[in-house]
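Undergrad: I am sharing coords_10.cif, which consists of mmCIF, C-alpha atoms and all ligand atoms:
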```
data_model
loop_
_atom_site.label_atom_id
_atom_site.label_comp_id
_atom_site.auth_asym_id
_atom_site.auth_seq_id
_atom_site.Cartn_x
_atom_site.Cartn_y
_atom_site.Cartn_z
CA MET A 14 -2.36 -11.51 6.28
CA ASP A 15 1.26 -10.95 7.22
CA ARG A 16 1.85 -9.48 10.68
CA SER A 17 3.97 -6.58 9.36
CA ILE A 18 1.09 -5.51 7.07
CA ARG A 19 -1.35 -5.58 9.98
CA GLN A 20 1.01 -3.51 12.10
CA ALA A 21 1.44 -0.97 9.30
CA LEU A 22 -2.35 -0.70 8.91
CA GLU A 23 -2.80 -0.21 12.64
CA LYS A 24 -0.17 2.54 12.70
CA VAL A 25 -1.73 4.45 9.80
CA GLY A 26 -5.23 3.96 11.24
CA SER A 27 -7.18 6.06 8.75
CA LEU A 28 -6.53 5.94 5.02
CA SER A 29 -7.84 7.43 1.81
CA MET A 30 -10.11 4.94 0.04
CA THR A 31 -11.00 5.37 -3.63
CA THR A 32 -14.04 3.73 -5.22
CA LEU A 33 -15.61 3.93 -8.65
CA ASP A 34 -18.94 5.51 -9.60
CA GLY A 35 -19.35 4.84 -13.30
CA THR A 36 -16.24 6.41 -14.80
CA THR A 37 -15.67 8.81 -11.88
CA MET A 38 -13.39 8.01 -8.96
CA HIS A 39 -14.24 9.16 -5.44
CA SER A 40 -11.88 9.27 -2.45
CA ARG A 41 -12.58 9.76 1.22
CA ILE A 42 -10.73 9.11 4.47
CA ILE A 43 -11.92 5.97 6.22
CA SER A 44 -10.98 4.37 9.50
CA ILE A 45 -9.83 0.76 9.33
CA CYS A 46 -11.63 -1.30 11.98
CA GLY A 47 -9.04 -4.08 12.02
CA CYS A 48 -7.74 -7.10 10.13
CA ASP A 49 -7.54 -10.84 10.52
CA ASP A 50 -6.59 -13.79 8.33
CA GLU A 51 -9.56 -13.12 6.06
CA GLY A 52 -8.78 -9.51 5.29
CA ILE A 53 -9.20 -5.87 6.26
CA TYR A 54 -12.45 -4.62 7.79
CA PHE A 55 -14.25 -1.30 7.51
CA LEU A 56 -17.82 -0.07 7.72
CA THR A 57 -20.22 2.37 6.12
CA MET A 58 -23.97 3.02 5.96
CA ASN A 59 -26.19 1.53 3.27
CA VAL A 60 -27.73 4.97 2.63
CA LYS A 61 -24.43 6.48 1.44
CA PRO A 62 -23.11 6.78 -2.13
CA PHE A 63 -19.96 5.03 -0.82
CA TYR A 64 -22.02 1.90 -0.08
CA ARG A 65 -23.72 1.95 -3.48
CA GLN A 66 -20.37 2.34 -5.22
CA LEU A 67 -18.89 -0.62 -3.35
CA LYS A 68 -21.86 -2.82 -4.15
CA LYS A 69 -21.64 -2.00 -7.84
CA HIS A 70 -17.83 -2.01 -8.18
CA PRO A 71 -16.10 -3.95 -5.39
CA HIS A 72 -12.68 -2.78 -6.59
CA LEU A 73 -11.01 -0.12 -4.47
CA SER A 74 -7.67 1.37 -3.55
CA LEU A 75 -6.36 2.50 -0.18
CA CYS A 76 -3.49 4.85 0.58
CA GLY A 77 -2.12 6.24 3.84
CA ILE A 78 0.99 7.66 5.46
CA TYR A 79 2.70 7.37 8.84
CA PRO A 80 3.56 9.37 10.88
CA SER A 81 2.89 12.47 8.78
CA GLY A 82 3.20 13.80 5.26
CA GLN A 83 4.07 17.26 6.54
CA LYS A 84 7.37 18.72 5.41
CA THR A 85 9.76 19.41 8.25
CA GLY A 86 12.12 21.87 6.57
CA LYS A 87 14.86 21.86 3.95
CA ASN A 88 18.08 19.89 3.69
CA ALA A 89 21.56 21.20 2.84
CA VAL A 90 20.77 21.41 -0.88
CA GLY A 91 17.42 23.12 -0.37
CA GLN A 92 15.17 20.12 -0.94
CA PRO A 93 12.12 19.62 1.33
CA THR A 94 12.56 17.12 4.16
CA TRP A 95 10.19 14.69 5.84
CA GLU A 96 10.42 12.81 9.09
CA PRO A 97 11.26 9.14 8.30
CA GLY A 98 8.12 7.05 7.91
CA PHE A 99 6.20 5.00 5.40
CA THR A 100 3.29 5.08 3.00
CA LEU A 101 0.96 2.14 2.64
CA ARG A 102 -1.09 1.41 -0.42
CA ILE A 103 -3.40 -1.44 -1.28
CA THR A 104 -5.53 -2.19 -4.30
CA GLY A 105 -8.14 -4.87 -3.86
CA GLN A 106 -11.73 -6.00 -3.69
CA ALA A 107 -14.24 -5.73 -0.87
CA ARG A 108 -17.36 -7.70 -0.08
CA GLU A 109 -20.16 -6.99 2.35
CA LEU A 110 -20.32 -9.27 5.37
CA THR A 111 -23.59 -10.98 6.20
CA GLU A 112 -25.12 -10.51 9.65
CA ASP A 113 -24.59 -14.19 10.27
CA GLU A 114 -20.87 -13.93 9.48
CA VAL A 115 -20.47 -11.01 11.86
CA LYS A 116 -22.29 -12.87 14.65
CA LYS A 117 -20.27 -16.06 14.18
CA LYS A 118 -16.98 -14.16 14.26
CA ALA A 119 -18.07 -12.23 17.34
CA GLU A 120 -19.08 -15.46 19.08
CA ALA A 121 -15.69 -16.92 18.18
CA GLY A 122 -14.07 -14.05 20.11
CA SER A 123 -13.26 -11.47 17.43
CA GLU A 124 -13.05 -8.00 18.98
CA ILE A 125 -13.62 -6.34 15.61
CA HIS A 126 -16.87 -8.21 15.00
CA ARG A 127 -18.07 -7.67 18.55
CA TYR A 128 -17.57 -3.97 17.95
CA PHE A 129 -19.52 -4.31 14.68
CA LEU A 130 -22.46 -5.86 16.53
CA GLU A 131 -22.47 -3.06 19.09
CA ASP A 132 -22.44 -0.44 16.34
CA ALA A 133 -25.21 -2.26 14.45
CA SER A 134 -27.42 -2.02 17.54
CA ARG A 135 -27.06 1.78 17.45
CA TYR A 136 -27.17 2.43 13.68
CA THR A 137 -29.57 0.30 11.67
CA ALA A 138 -28.11 1.45 8.32
CA ILE A 139 -24.59 0.31 9.18
CA ARG A 140 -22.96 -2.31 6.96
CA PHE A 141 -19.63 -4.10 7.29
CA PHE A 142 -17.11 -4.88 4.57
CA CYS A 143 -14.02 -7.01 4.26
CA ILE A 144 -11.23 -6.38 1.73
CA HIS A 145 -10.73 -10.07 1.14
CA ARG A 146 -8.33 -9.95 -1.78
CA GLY A 147 -5.62 -7.46 -2.61
CA LYS A 148 -2.02 -6.49 -3.15
CA GLY A 149 0.02 -3.54 -2.06
CA GLU A 150 3.21 -2.01 -0.83
CA ILE A 151 4.80 -0.53 2.26
CA PHE A 152 7.07 2.25 1.00
CA ASP A 153 9.39 2.93 3.93
CA TYR A 154 11.38 6.13 3.49
CA ASP A 155 14.28 7.78 5.27
CA PHE A 156 15.26 10.34 2.64
CA GLU A 157 17.96 12.00 4.76
CA MET A 158 19.35 8.57 5.74
CA GLU A 159 19.06 9.34 9.45
CA HIS A 160 18.67 5.71 10.50
CA ARG A 161 20.24 3.68 7.66
CA ASP A 162 22.54 4.06 4.67
CA HIS A 163 19.85 4.05 1.97
CA LYS A 164 16.67 6.03 1.44
CA LEU A 165 14.00 3.44 0.67
CA LEU A 166 12.88 0.02 1.74
CA ARG A 167 9.90 -1.21 -0.23
CA THR A 168 7.89 -4.29 0.72
CA ARG A 169 5.27 -5.64 -1.62
CA PHE A 170 2.62 -8.11 -0.52
CA ALA A 171 -0.55 -9.87 -1.60
CA PHE A 172 -3.38 -11.69 0.14
CA GLY A 173 -6.55 -13.60 -0.66
CA GLY A 174 -5.05 -15.32 -3.71
CA GLU A 175 -3.76 -12.12 -5.36
CA SER A 176 -0.20 -11.82 -6.77
CA TYR A 177 2.14 -8.88 -7.38
CA ASN A 178 5.06 -7.73 -9.50
CA ASP A 179 8.36 -6.93 -7.80
CA ALA A 180 9.20 -3.26 -7.24
CA GLY A 181 11.84 -1.32 -9.12
CA ALA A 182 13.58 -1.02 -12.46
CA ARG A 183 15.38 -4.06 -13.87
CA ILE A 184 18.59 -4.51 -15.83
CA ASN A 185 18.60 -6.84 -18.77
CA ALA A 186 21.68 -9.02 -18.16
CA ASP A 187 22.18 -9.74 -21.87
CA ASP A 188 22.53 -6.04 -22.73
CA CYS A 189 24.59 -4.84 -19.74
CA ILE A 190 28.29 -4.17 -20.42
CA ALA A 191 29.02 -3.33 -16.75
CA CYS A 192 30.06 0.25 -17.51
CA GLY A 193 28.77 1.59 -14.17
CA GLU A 194 26.90 4.62 -15.57
CA CYS A 195 23.71 3.55 -13.80
CA PHE A 196 25.55 3.20 -10.48
CA GLU A 197 26.80 6.79 -10.77
CA ALA A 198 23.34 8.09 -11.68
CA CYS A 199 21.41 6.40 -8.85
CA THR A 200 21.00 8.50 -5.68
CA PHE A 201 19.02 5.75 -3.95
CA LYS A 202 21.88 3.24 -3.63
CA ALA A 203 19.74 0.76 -5.50
CA ILE A 204 22.27 -0.31 -8.14
CA VAL A 205 24.40 -3.32 -7.25
CA PRO A 206 27.70 -3.52 -9.20
CA GLY A 207 28.67 -6.80 -10.83
CA GLU A 208 28.72 -8.49 -14.18
CA PRO A 209 26.00 -7.72 -15.00
CA TYR A 210 24.94 -4.85 -12.76
CA ARG A 211 21.54 -5.30 -11.15
CA VAL A 212 18.87 -3.27 -9.34
CA ASP A 213 17.86 -3.92 -5.75
CA GLY A 214 14.17 -3.28 -6.40
CA ASN A 215 13.32 -2.78 -2.74
CA ARG A 216 15.57 0.29 -2.64
CA CYS A 217 14.58 1.66 -6.05
CA ASP A 218 12.45 4.81 -6.35
CA GLU A 219 11.74 4.16 -10.03
CA CYS A 220 13.13 7.64 -10.72
CA GLY A 221 14.42 6.64 -14.15
CA SER A 222 17.93 8.14 -13.83
CA CYS A 223 19.59 4.81 -14.63
CA PHE A 224 17.23 4.28 -17.55
CA LEU A 225 18.31 7.61 -19.04
CA ALA A 226 22.01 7.11 -18.25
CA CYS A 227 22.46 3.62 -19.67
CA PRO A 228 24.26 3.65 -23.06
CA GLN A 229 23.01 0.14 -23.84
CA GLU A 230 19.29 0.68 -23.14
CA ALA A 231 19.66 -2.25 -20.76
CA VAL A 232 17.35 -0.84 -18.08
CA GLU A 233 13.70 -1.84 -18.12
CA LEU A 234 11.17 0.42 -16.42
CA SER A 235 9.19 -0.83 -13.46
CA ARG A 236 5.77 -2.47 -13.66
CA THR A 237 2.67 -1.62 -11.65
CA ILE A 238 2.13 -3.67 -8.50
S1 LIG A 301 24.57 1.71 -17.38
FE1 LIG A 301 23.61 0.04 -18.49
S2 LIG A 301 25.31 -1.11 -19.40
FE2 LIG A 301 26.18 0.24 -17.84
S3 LIG A 301 26.27 -1.05 -15.98
FE3 LIG A 301 24.32 0.03 -15.93
S4 LIG A 301 22.86 -1.34 -16.92
FE4 LIG A 301 24.89 -2.07 -17.43
S1 LIG A 302 15.20 3.90 -11.26
FE1 LIG A 302 16.24 5.47 -10.01
S2 LIG A 302 16.24 4.61 -7.96
FE2 LIG A 302 15.81 2.92 -9.34
S3 LIG A 302 17.80 2.00 -9.74
FE3 LIG A 302 17.40 3.48 -11.38
S4 LIG A 302 18.37 5.37 -10.71
FE4 LIG A 302 18.19 4.05 -8.90
#
```
How does this structure look as structure tokens?
Ligand code: SF4
Ligand code: SF4

TA:
Amino acid sequence: MDRSIRQALEKVGSLSMTTLDGTTMHSRIISICGCDDEGIYFLTMNVKPFYRQLKKHPHLSLCGIYPSGQKTGKNAVGQPTWEPGFTLRITGQARELTEDEVKKKAEAGSEIHRYFLEDASRYTAIRFFCIHRGKGEIFDYDFEMEHRDHKLLRTRFAFGGESYNDAGARINADDCIACGECFEACTFKAIVPGEPYRVDGNRCDECGSCFLACPQEAVELSRTI
């Protein structure tokens, strides 16, 4: 897993994890134990509904924010403000680790797995999981442009053999007449003038203003990760 993703996970620390119980979704805050090349580790107890949900449906989603989602005030036009930061979201699949796997990793020097073994000696119901496959996004925001000249910087990623779609709206080159209406409508500085115009997806909020402004219907809406 890419170093920047690991660092983002470490900064957020605890995230909301959603699992499936039949047709009902359940979310709770969990603490991430760490990550390595194989994935992202967390734990639970085999007596909890959380464990049963994971065993039945290994698909899950994670979402967190750093440093805080608290509003800090209002800007000059009365909109709420936030301290610059980022959100992190991942959708993926988890599998339970065997005792043997945990021991082998601990013997090989993994701090995370050594910690798992210590915890297992205290709590017999404890079980360890690895999100071994997934995709996600770091959504870095600086809405008041305190530290750069644009609001967003989005980074999508995948691991464990997963793939992802690029972020942002797209402009169909064949339909664009380079009128510039989308450039005027975009408050995220995500439209790049040219012939044709194009969207810098990593700066795009997917707000739809360009989609609504374009006289040629040349803008295509974004896809899910
Ligand atoms: S508004 Fe539509 S036609 Fe005009 S530059 Fe943008 S994408 Fe091209
Ligand atoms: S969807 Fe919104 S943020 Fe993205 S390019 Fe269009 S106007 Fe800009």

Undergrad: First collect every listed atom of segment 118-121 of chain A; then fit an axis-aligned box around them, widen it by 8 Å on each side, and give centre and edge lengths in Å to one decimal, as lines of an AutoDock Vina configuration file.

TA:
```
center_x = -17.4
center_y = -14.6
center_z = 16.7
size_x = 19.4
size_y = 20.7
size_z = 20.8
```

Undergrad: Residues within 10 Å of ligand LIG 301 (chain A), counting all atoms listed in the file: report them as JSON, numbers by chain.

TA: {"A": [183, 184, 185, 186, 187, 188, 189, 190, 191, 192, 193, 194, 195, 196, 197, 198, 199, 204, 205, 206, 207, 208, 209, 210, 211, 212, 222, 223, 224, 225, 226, 227, 228, 229, 230, 231, 232, 233]}

Undergrad: Identify which of the residues A:Gly214, A:Gly221, A:Pro62, A:Gly147 lies closest to Asp179 of chain A, counting only C-alpha atoms when measuring atom-to-atom distances.

TA: A:Gly214

Undergrad: Set the distance at 7 Å and use all atoms listed in the file: which residues neighbour Phe152 of chain A once local chain neighbours fewer than 4 positions away are removed? I'd like the list as an MDAnalysis selection string.

TA: chainID A and resid 99:101 166:168

Undergrad: For a quick check of your reading of the model, name the residues lying within 12 Å of the coordinate (-3.5, -16.2, -3.6), counting only C-alpha atoms, and write them as a ChimeraX atom specification.

TA: /A:14,51,145-148,170-177

Undergrad: With only C-alpha atoms and all ligand atoms as the basis for distance, which of A:Ala180, A:Leu234, A:Ile43, A:Cys220 is at the shortest distance from ligand LIG 302 (chain A)?

TA: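 Using only C-alpha atoms and all ligand atoms, the shortest distance to ligand LIG 302 (chain A) belongs to A:Cys220.
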
Undergrad: Extract, using all atoms listed in the file, all DNA, RNA and protein residues at most 12 Å from segment 154-157 of chain A, discarding same-chain residues fewer than 6 positions from it, and format them as a PyMOL selection string.

TA: chain A and resi 78-82+84-90+92-101+163-168+200-202+215-218

Undergrad: For Asp153 of chain A, which of A:Gly77, A:Arg140, A:Met30, A:Met38 is the closest residue, counting all atoms listed in the file?

TA: A:Gly77

Undergrad: Just how far from atom FE2 of ligand LIG 302 (chain A) is atom CA of Ala203 of chain A, in Å to one decimal?

TA: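 Atom FE2 of ligand LIG 302 (chain A) lies at a distance of 5.9 Å from atom CA of Ala203 of chain A.
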
Undergrad: Here is a test: counting all atoms listed in the file, which residue of A:Thr37, A:Ser235, A:Gln106, A:Ser27 is nearest to ligand LIG 302 (chain A)?

TA: A:Ser235
